[in-house]
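Here is the structure we will look at.
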Amino acid sequence: MTKFNLEDTRWFKDMFTKRDSWIPGYFSDIPMCGLLKTTSRSESMNSFFNTYSESGNLLLNFMMNYDTDIQKQMNTQREFDKASKKASYKIQTPPEIELQASKVYTNGWEVYIVQHNSKSKFKNEFKTVEIKVEEKELNCSCEHFKRMGVLCIHAFTIMMRCSVKEIPERYILKSWRKDVISRNYRFSSFQSDSGDCENVKLVNDSYYSFESCLDIVRDDKKKLALFAEKQQMLLKEFESDYISVGLKSKTNGEVVCKLLGVTIPIP
């Protein structure tokens, strides 16, 4: 401000007065990993839902379009989950920590850990790291874990010097894990209408097991053929014991009630 003669500029004076409200250094001890700093995310969601929705939609049209949007989003999530599971990285440091990170973290944070672990020294940084090996506790004066939810380069360096083989579980937040998406959420579209919670759980677990097996054997033609063969055998076994009860015909009103989630017949 002094260099460019901005002391008397009102906007700069106001911003300087409020510097403790916007300069990141003042928030070193405040969790900020989930903080939205711009409107880009909300604008992205608006654009996403506008693909199928229009201002003139009836409530029923809106709900059907919304379901289509959500299904598209879930499919995209499955694509990302698959890419995250199949991703592999070149181990650059003692393998235990990076191997663990590759199994639990999503792609972005796993890459972050690999890149930061590969640095052999700090650049003009002096931080204090306190470590209790037996208690599996770490504390760095840079407060990076508190802000971003992942350990800093200083902590990783001290861990390796102390021959710590794994990142303590308390420092692996659910926000950055590969398995953060609940099974119930992932397969909610397949839930039974019976209202039986145990039945719903079994359905979700079955879909989860099926997709997990398929992800494992997808790229192995021999194992994939064996998996498909066993599925066909199981299908034939169940079909032989299955007695079709026929499809119950429903009126338009009943279909609309089911879509809207109500039980009272609509005129």
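Here, A, B, ... name the chains of the structure tokens in the order displayed, residue numbers run from 1 inside each chain, and ligands are numbered from 1 in the same displayed order.
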
Apply DSSP to the structure's backbone, then extract all residues of stretch 18-78 of chain A labelled alpha helix (DSSP H) and return them as number ranges by chain. A: 40-50, 59-78

List the spatial neighbours of A:Met32 as a ChimeraX atom specification - criterion: any atom at most 8 Å away, only C-alpha atoms, same-chain residues fewer than 4 positions off excluded. /A:146-148

Could you please determine the separation between atom CA of A:Glu254 and atom CA of A:Glu54 in Å, to one decimal place? 25.5 Å

Give me the residues near A:Phe80 as a list of chain:residue names, where near means some atom within 10 Å (using only C-alpha atoms) and where sequence neighbours in that chain fewer than 4 positions away do not count. A:Met74, A:Asn75, A:Thr76, A:Ser84, A:Lys85, A:Lys86, A:Thr106, A:Asn107, A:Lys178

All residues 12 Å or closer to A:Asn139, only C-alpha atoms, same chain fewer than 4 positions away omitted, as a list of chain:residue names: A:Asp29, A:Lys127, A:Thr128, A:Val129, A:Glu130, A:Ile131, A:Lys132, A:Val133, A:Glu143, A:His144, A:Phe145, A:Lys146, A:Val150, A:Leu151, A:Cys152, A:His154, A:Ala155, A:Phe156, A:Ile158, A:Met159, A:Tyr171
